[in-house]
Structure formats: C-alpha cells, structure tokens
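S.K.: Just dropping this structure here.
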Amino acid sequence: MRGYLHLPAGSGGDCLILTHGAGANCNSPLLVSLASAFCASGFIVLRCDLPFRQSRPHGPPSRGSAERDQAGLRAAIASGRRQTSGRVLLGGHSYGGRQASMLVAAEPGLADGLLLLSYPLHPPQRPSELRVGHFGDLQKPGMFVHGTQDIFGSIAEMTEALTLVKARTRLLPVSGAGHELITKRSENQVSELVVQAFRSFISEDID
C-alpha cells in the first residue's frame with residue numbers, strides 16, 4: 001500500500017485506516033482533515049491509496065478492481081497491526097468504504113470495526129440498484145456518516161438499509177452535506193463531529 005502514517009504525540013492507541021472514493025486519492029480534503037483530527041485525538045492513522053489508484057492516477061476504478069483493492073486493504077490492516085497492540089479499525093469514503101465493508105463481511109476477523117463515510121447505497125437516480133448484498137454478513141460494529149443531501153442514498157434509505165446489518169450500527173447524519181461530506185468552510189467542524197461520534201461509538205465495545 002501507498003500512503004501516509006499519522007502518529008499521535010503519545011504512545012498511540014487504536015489504529016484507523018482511511019481510504020478514498022472512486023474519483024479521489026488519499027490526499028482528498030476529507031481524508032486529510034479526518035486523519036489530522038483523529039491523530040490529534042490519539043489515534044494512529046494510516047491514510048492510504050487503493051491499488052487501482054496506485055496504477056491509475058486519474059479516473060474511476062476499472063471493472064474487476066474490487067478484488068485487488070480489497071487485497072490492498074488487507075495489506076493495510078496488516079500494517080496497522082504492526083503499529084499498535086490496540087484495535088485496528090477500517091474506514092473509507094464511498095467506493096473505499098464499500099470495499100472495506102465487503103472485505104470485513106467476508107473476513108470478520110480482519111478488523112475490529114468500520115467507519116463508512118458516504119456509503120454509496122445506490123447509483124444516483126437508480127434507487128432500486130441497492131449495494132447491500134453483504135450487509136447481512138457484517139459482524140463488526142460500524143458507524144455510517146452520511147450527508148442529508150447525498151444523491152447516492154437518502155437518510156431514510158440508509159436507515160432502512162441498516163436494518164439488514166446484525167452487528168451494532170450507528171448512522172450519523174451531516175446536515176446539508178452532499179456526497180463529499182465537507183466543504184472548505186465545514187471541514188474542521190465535520191471532522192470533529194465524526195471523531196467525537198466515532199470515539200463514543202467504539203468505546204461501547206470496551207469491557
């Protein structure tokens with residue numbers, strides 16, 4: 001994997017792996033802002049490019065990229081395990097989050113939880129083409145962060161879809177946000193909101 005490792009000032013605790021959507025890379029404003037905010041709160045953060053982006057600087061993933069991209073996430077998780085004795089959590093925006101959730105659904109022991117940003121529930125204007133076939137296999141807790149103006153799925157559609165997941169979930173709506181979740185004016189505010197909510201969400205799994 002190719003990316004950036006953010007190390008907190010202290011010894012570090014849990015490790016969060018963050019990856020990008022189909023049209024971006026690990027330097028997207030959303031990932032950079034989130035990585036900085038999570039690191040400041042004590043997380044080790046690995047912000048990384050998926051394999052399709054490493055081989056193709058621009059454009060969406062080609063057909064058949066999913067297996068290779070999931071293998072890349074598997075390698076990132078292994079790298080995260082070497083950075084911490086704590087939990088390793090897997091997060092991704094849009095396409096990256098979908099690949100993360102599919103990987104953890106198939107191999108539940110890989111990661112300890114999920115942070116899914118703007119999950120692409122269906123293609124825009126095609127609400128019948130739901131991407132939820134693996135939701136029933138998710139066994140790890142997952143927090144879904146979703147803009148109220150996201151054209152890849154409404155808050156109501158996401159709420160309904162999450163009833164398919166047997167593991168513990170939380171849906172965090174971001175008022176007025178679209179699929180990118182942040183603007184230059186809102187990035188710090190949204191990042192802090194996500195960090196606080198996710199810290200609270202995963203703390204519920206500590207005995």
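Chain lettering (A, B, ...) mirrors the order of the structure tokens, residue numbering begins at 1 for each chain separately, and ligand numbering begins at 1 in order of display.
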Could you list, with a cut-off of 10 Å and counting only C-alpha atoms, the residues of region 59-83 of chain A near region 37-46 of chain A, each shown with its nearest atom pair and the distance in Å rounded to one decimal, rows sorted by chain and ascending number, as JSON lines?

M.R.:
{"residue": "A:Ala76", "atom": "CA", "partner": "A:Leu46", "partner_atom": "CA", "distance": 7.8}
{"residue": "A:Ile77", "atom": "CA", "partner": "A:Leu46", "partner_atom": "CA", "distance": 9.2}
{"residue": "A:Ser79", "atom": "CA", "partner": "A:Leu46", "partner_atom": "CA", "distance": 8.7}
{"residue": "A:Gly80", "atom": "CA", "partner": "A:Leu46", "partner_atom": "CA", "distance": 7.3}
{"residue": "A:Gln83", "atom": "CA", "partner": "A:Ile44", "partner_atom": "CA", "distance": 7.8}

S.K.: Show me, as a ChimeraX atom specification, the residues that have an atom within 12 Å of Met102 (chain A) when counting only C-alpha atoms, minus same-chain residues fewer than 6 positions from it.

M.R.: /A:66-67,69-71,73-74,90-92,95-96,108,110-111,114,116,119,131-140

S.K.: Would you mind exporting C-alpha atoms of the selected residues as a compact mmCIF listing (two decimals), in the first residue's frame?

M.R.:
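Listed below is the output, result-v1.txt:
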# COMPACT_ATOMS: atom_id res chain seq x y z
CA ALA A 66 -12.59 -4.77 -6.35
CA GLU A 67 -10.66 -7.95 -5.55
CA ASP A 69 -8.47 -3.20 -3.90
CA GLN A 70 -9.66 -5.45 -1.10
CA ALA A 71 -6.30 -7.20 -1.12
CA LEU A 73 -6.91 -3.07 2.30
CA ARG A 74 -5.94 -6.43 3.76
CA LEU A 90 -11.11 0.25 8.85
CA GLY A 91 -12.64 3.32 7.25
CA GLY A 92 -13.34 4.53 3.76
CA TYR A 95 -16.16 3.26 -3.02
CA GLY A 96 -13.39 2.79 -0.45
CA PRO A 108 -14.77 -10.66 10.03
CA LEU A 110 -9.54 -8.77 9.91
CA ALA A 111 -10.71 -5.53 11.56
CA LEU A 114 -15.83 0.11 10.47
CA LEU A 116 -18.08 4.21 6.47
CA TYR A 119 -21.65 4.75 1.72
CA ARG A 131 -25.49 -2.30 -2.90
CA VAL A 132 -26.43 -4.15 0.27
CA GLY A 133 -25.92 -7.80 -0.64
CA HIS A 134 -23.22 -8.22 2.02
CA PHE A 135 -24.88 -6.23 4.81
CA GLY A 136 -26.35 -9.34 6.42
CA ASP A 137 -22.84 -10.79 6.81
CA LEU A 138 -21.38 -7.83 8.70
CA GLN A 139 -20.41 -8.94 12.20
CA LYS A 140 -18.34 -5.95 13.32

S.K.: I need the residue nearest Pro141 (chain A) from this list: A:Leu103, A:Thr183, A:Phe201, A:Phe52. Use only C-alpha atoms for the distance.

M.R.: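 Looking only at the distances to Pro141 (chain A), the closest residue turns out to be A:Phe201.
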
S.K.: Between A:Cys15, A:Ala9, A:Leu115, A:Ala105, which has the minimum distance to Lys166 (chain A) (counting only C-alpha atoms)?

M.R.: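 Among A:Cys15, A:Ala9, A:Leu115, A:Ala105, it is A:Ala105 that comes nearest to Lys166 (chain A).
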
S.K.: Do you know which residues are at most 10 Å from Pro120 (chain A) counting only C-alpha atoms, after dropping those on the same chain fewer than 6 positions away, and could you put them as a CSV table (one decimal) with N, CA and C atoms, in the first residue's frame?

M.R.:
chain,number,residue,atom,x,y,z
A,21,GLY,N,-12.5,7.5,-2.1
A,21,GLY,CA,-13.6,7.1,-3.1
A,21,GLY,C,-13.0,6.9,-4.5
A,93,HIS,N,-14.2,6.2,2.3
A,93,HIS,CA,-15.2,7.1,1.7
A,93,HIS,C,-15.8,6.5,0.5
A,94,SER,N,-17.1,6.4,0.4
A,94,SER,CA,-17.8,6.0,-0.8
A,94,SER,C,-17.3,4.6,-1.3
A,95,TYR,N,-16.7,4.5,-2.5
A,95,TYR,CA,-16.2,3.3,-3.0
A,95,TYR,C,-15.2,2.6,-2.0
A,96,GLY,N,-14.3,3.4,-1.4
A,96,GLY,CA,-13.4,2.8,-0.5
A,96,GLY,C,-14.1,2.2,0.7
A,97,GLY,N,-15.2,2.8,1.2
A,97,GLY,CA,-15.9,2.3,2.3
A,97,GLY,C,-16.7,1.0,1.9
A,98,ARG,N,-17.2,1.0,0.7
A,98,ARG,CA,-17.9,-0.2,0.2
A,98,ARG,C,-16.9,-1.4,0.2
A,130,LEU,N,-29.6,-1.4,-5.2
A,130,LEU,CA,-29.0,-1.3,-3.9
A,130,LEU,C,-27.8,-2.1,-3.8
A,131,ARG,N,-26.8,-1.6,-3.1
A,131,ARG,CA,-25.5,-2.3,-2.9
A,131,ARG,C,-25.4,-2.8,-1.5
A,132,VAL,N,-26.3,-3.7,-1.1
A,132,VAL,CA,-26.4,-4.1,0.3
A,132,VAL,C,-26.3,-5.7,0.4
A,146,HIS,N,-23.3,10.1,6.9
A,146,HIS,CA,-24.0,10.3,5.6
A,146,HIS,C,-24.6,11.8,5.6
A,150,ASP,N,-27.0,13.7,0.1
A,150,ASP,CA,-26.2,12.7,-0.7
A,150,ASP,C,-27.1,12.1,-1.7
A,151,ILE,N,-26.7,12.2,-3.0
A,151,ILE,CA,-27.5,11.7,-4.1
A,151,ILE,C,-27.3,10.2,-4.3
A,152,PHE,N,-26.4,9.6,-3.5
A,152,PHE,CA,-26.2,8.1,-3.6
A,152,PHE,C,-27.1,7.4,-2.5
A,153,GLY,N,-28.0,8.1,-1.9
A,153,GLY,CA,-28.9,7.5,-0.9
A,153,GLY,C,-29.3,8.5,0.1
A,158,MET,N,-30.8,5.0,3.9
A,158,MET,CA,-29.8,4.4,4.7
A,158,MET,C,-30.3,3.8,6.0
A,179,HIS,N,-22.4,14.3,-1.1
A,179,HIS,CA,-21.6,13.0,-1.1
A,179,HIS,C,-20.2,13.3,-0.6

S.K.: Using only C-alpha atoms, which protein or nucleic acid residues come within 10 Å of Phe198 (chain A)? Drop anything in the same chain fewer than 6 positions from it, and give the result as a list in words.

M.R.: Phe38, Leu114, Leu115, Gly142, Met143, Phe144, Val145, Arg170, Leu172 and Glu192 of chain A

S.K.: I need the residue nearest Asn25 (chain A) from this list: A:Leu7, A:His58, A:Gly109, A:Ala197. Use only C-alpha atoms for the distance.

M.R.: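 Between A:Leu7, A:His58, A:Gly109, A:Ala197, the residue approaching Asn25 (chain A) most closely is A:His58.
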
S.K.: So which bits of region 95-161 of chain A end up strand (DSSP E) when you DSSP the backbone, as a list in words?

M.R.: Gly113, Leu114, Leu115, Leu116, Leu117, Gly142, Met143, Phe144, Val145, His146 and Gly147 of chain A

S.K.: Would you output that residue set with C-alpha atoms, as a PDB file, in the first residue's frame?

M.R.:
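Saved as again_18.pdb:
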ATOM      1  CA  GLY A 113     -14.811  -2.007  13.451  1.00  0.00           C
ATOM      2  CA  LEU A 114     -15.831   0.115  10.474  1.00  0.00           C
ATOM      3  CA  LEU A 115     -16.157   3.827   9.734  1.00  0.00           C
ATOM      4  CA  LEU A 116     -18.080   4.211   6.474  1.00  0.00           C
ATOM      5  CA  LEU A 117     -18.266   7.702   5.013  1.00  0.00           C
ATOM      6  CA  GLY A 142     -19.945   0.065  12.005  1.00  0.00           C
ATOM      7  CA  MET A 143     -20.667   3.783  12.047  1.00  0.00           C
ATOM      8  CA  PHE A 144     -22.079   5.268   8.853  1.00  0.00           C
ATOM      9  CA  VAL A 145     -21.606   9.002   8.240  1.00  0.00           C
ATOM     10  CA  HIS A 146     -23.988  10.348   5.619  1.00  0.00           C
ATOM     11  CA  GLY A 147     -24.884  13.771   4.241  1.00  0.00           C
TER      12      GLY A 147
END

S.K.: What are the DSSP alpha helix (DSSP H) residues of region 6-128 of chain A, as a ChimeraX atom specification?

M.R.: /A:29-40,51-55,66-83,95-106

S.K.: Write a file of the selected residues as a compact mmCIF listing (two decimals), in the first residue's frame, keeping C-alpha atoms.

M.R.:
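What landed in again37.txt:
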# COMPACT_ATOMS: atom_id res chain seq x y z
CA PRO A 29 -9.61 17.10 1.66
CA LEU A 30 -11.96 14.80 3.59
CA LEU A 31 -9.31 12.19 4.36
CA VAL A 32 -6.62 14.75 5.21
CA SER A 33 -8.94 16.59 7.56
CA LEU A 34 -10.18 13.42 9.24
CA ALA A 35 -6.70 11.94 9.59
CA SER A 36 -5.44 15.09 11.31
CA ALA A 37 -8.41 15.22 13.66
CA PHE A 38 -8.23 11.53 14.57
CA CYS A 39 -4.48 11.73 15.13
CA ALA A 40 -4.89 14.77 17.38
CA PRO A 51 -4.33 -0.32 -5.65
CA PHE A 52 -6.47 0.97 -8.53
CA ARG A 53 -5.32 4.50 -7.76
CA GLN A 54 -1.69 3.45 -7.49
CA SER A 55 -1.82 2.07 -11.03
CA ALA A 66 -12.59 -4.77 -6.35
CA GLU A 67 -10.66 -7.95 -5.55
CA ARG A 68 -7.30 -6.22 -5.91
CA ASP A 69 -8.47 -3.20 -3.90
CA GLN A 70 -9.66 -5.45 -1.10
CA ALA A 71 -6.30 -7.20 -1.12
CA GLY A 72 -4.71 -3.77 -0.70
CA LEU A 73 -6.91 -3.07 2.30
CA ARG A 74 -5.94 -6.43 3.76
CA ALA A 75 -2.29 -5.39 3.47
CA ALA A 76 -3.06 -2.03 5.09
CA ILE A 77 -4.72 -3.80 8.01
CA ALA A 78 -1.64 -5.99 8.45
CA SER A 79 0.48 -2.83 8.51
CA GLY A 80 -1.83 -1.32 11.09
CA ARG A 81 -1.47 -4.38 13.31
CA ARG A 82 2.27 -3.80 13.32
CA GLN A 83 1.74 -0.24 14.55
CA TYR A 95 -16.16 3.26 -3.02
CA GLY A 96 -13.39 2.79 -0.45
CA GLY A 97 -15.93 2.28 2.30
CA ARG A 98 -17.89 -0.17 0.21
CA GLN A 99 -14.76 -2.25 -0.43
CA ALA A 100 -13.88 -2.06 3.28
CA SER A 101 -17.31 -3.31 4.31
CA MET A 102 -17.28 -6.12 1.73
CA LEU A 103 -13.87 -7.27 2.93
CA VAL A 104 -14.87 -7.29 6.61
CA ALA A 105 -18.16 -9.02 5.78
CA ALA A 106 -16.19 -11.82 4.10

S.K.: One number please: CA of Leu50 (chain A) to CA of Met1 (chain A), in Å, one decimal.

M.R.: 7.1 Å

S.K.: Restricting the calculation to only C-alpha atoms, which member of A:Ser203, A:Ser154, A:Gln196, A:Asn27 is positioned closest to Ser118 (chain A)?

M.R.: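 Selected residue with least distance to Ser118 (chain A): A:Ser154.
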
S.K.: To one decimal place in Å, what is the distance between CA of Arg87 (chain A) and CA of Gly3 (chain A)?

M.R.: 19.7 Å

S.K.: Separation of CA of Leu121 (chain A) and CA of Gly178 (chain A), in Å?

M.R.: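 That distance, rounded to one decimal, is 13.5 Å.
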
S.K.: Could you tell me which of A:Ala24, A:Ala161, A:Leu181, A:Val88 comes closest to Pro57 (chain A) if we count only C-alpha atoms?

M.R.: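 With only C-alpha atoms as the atom set, the closest residue is A:Ala24.
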
S.K.: Given the choices A:Asp112, A:Ala156, A:Glu107, A:Pro123, which gets closest to Ile17 (chain A) if the distance is worked out from only C-alpha atoms?

M.R.: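 Nearest candidate to Ile17 (chain A) out of A:Asp112, A:Ala156, A:Glu107, A:Pro123: A:Asp112.
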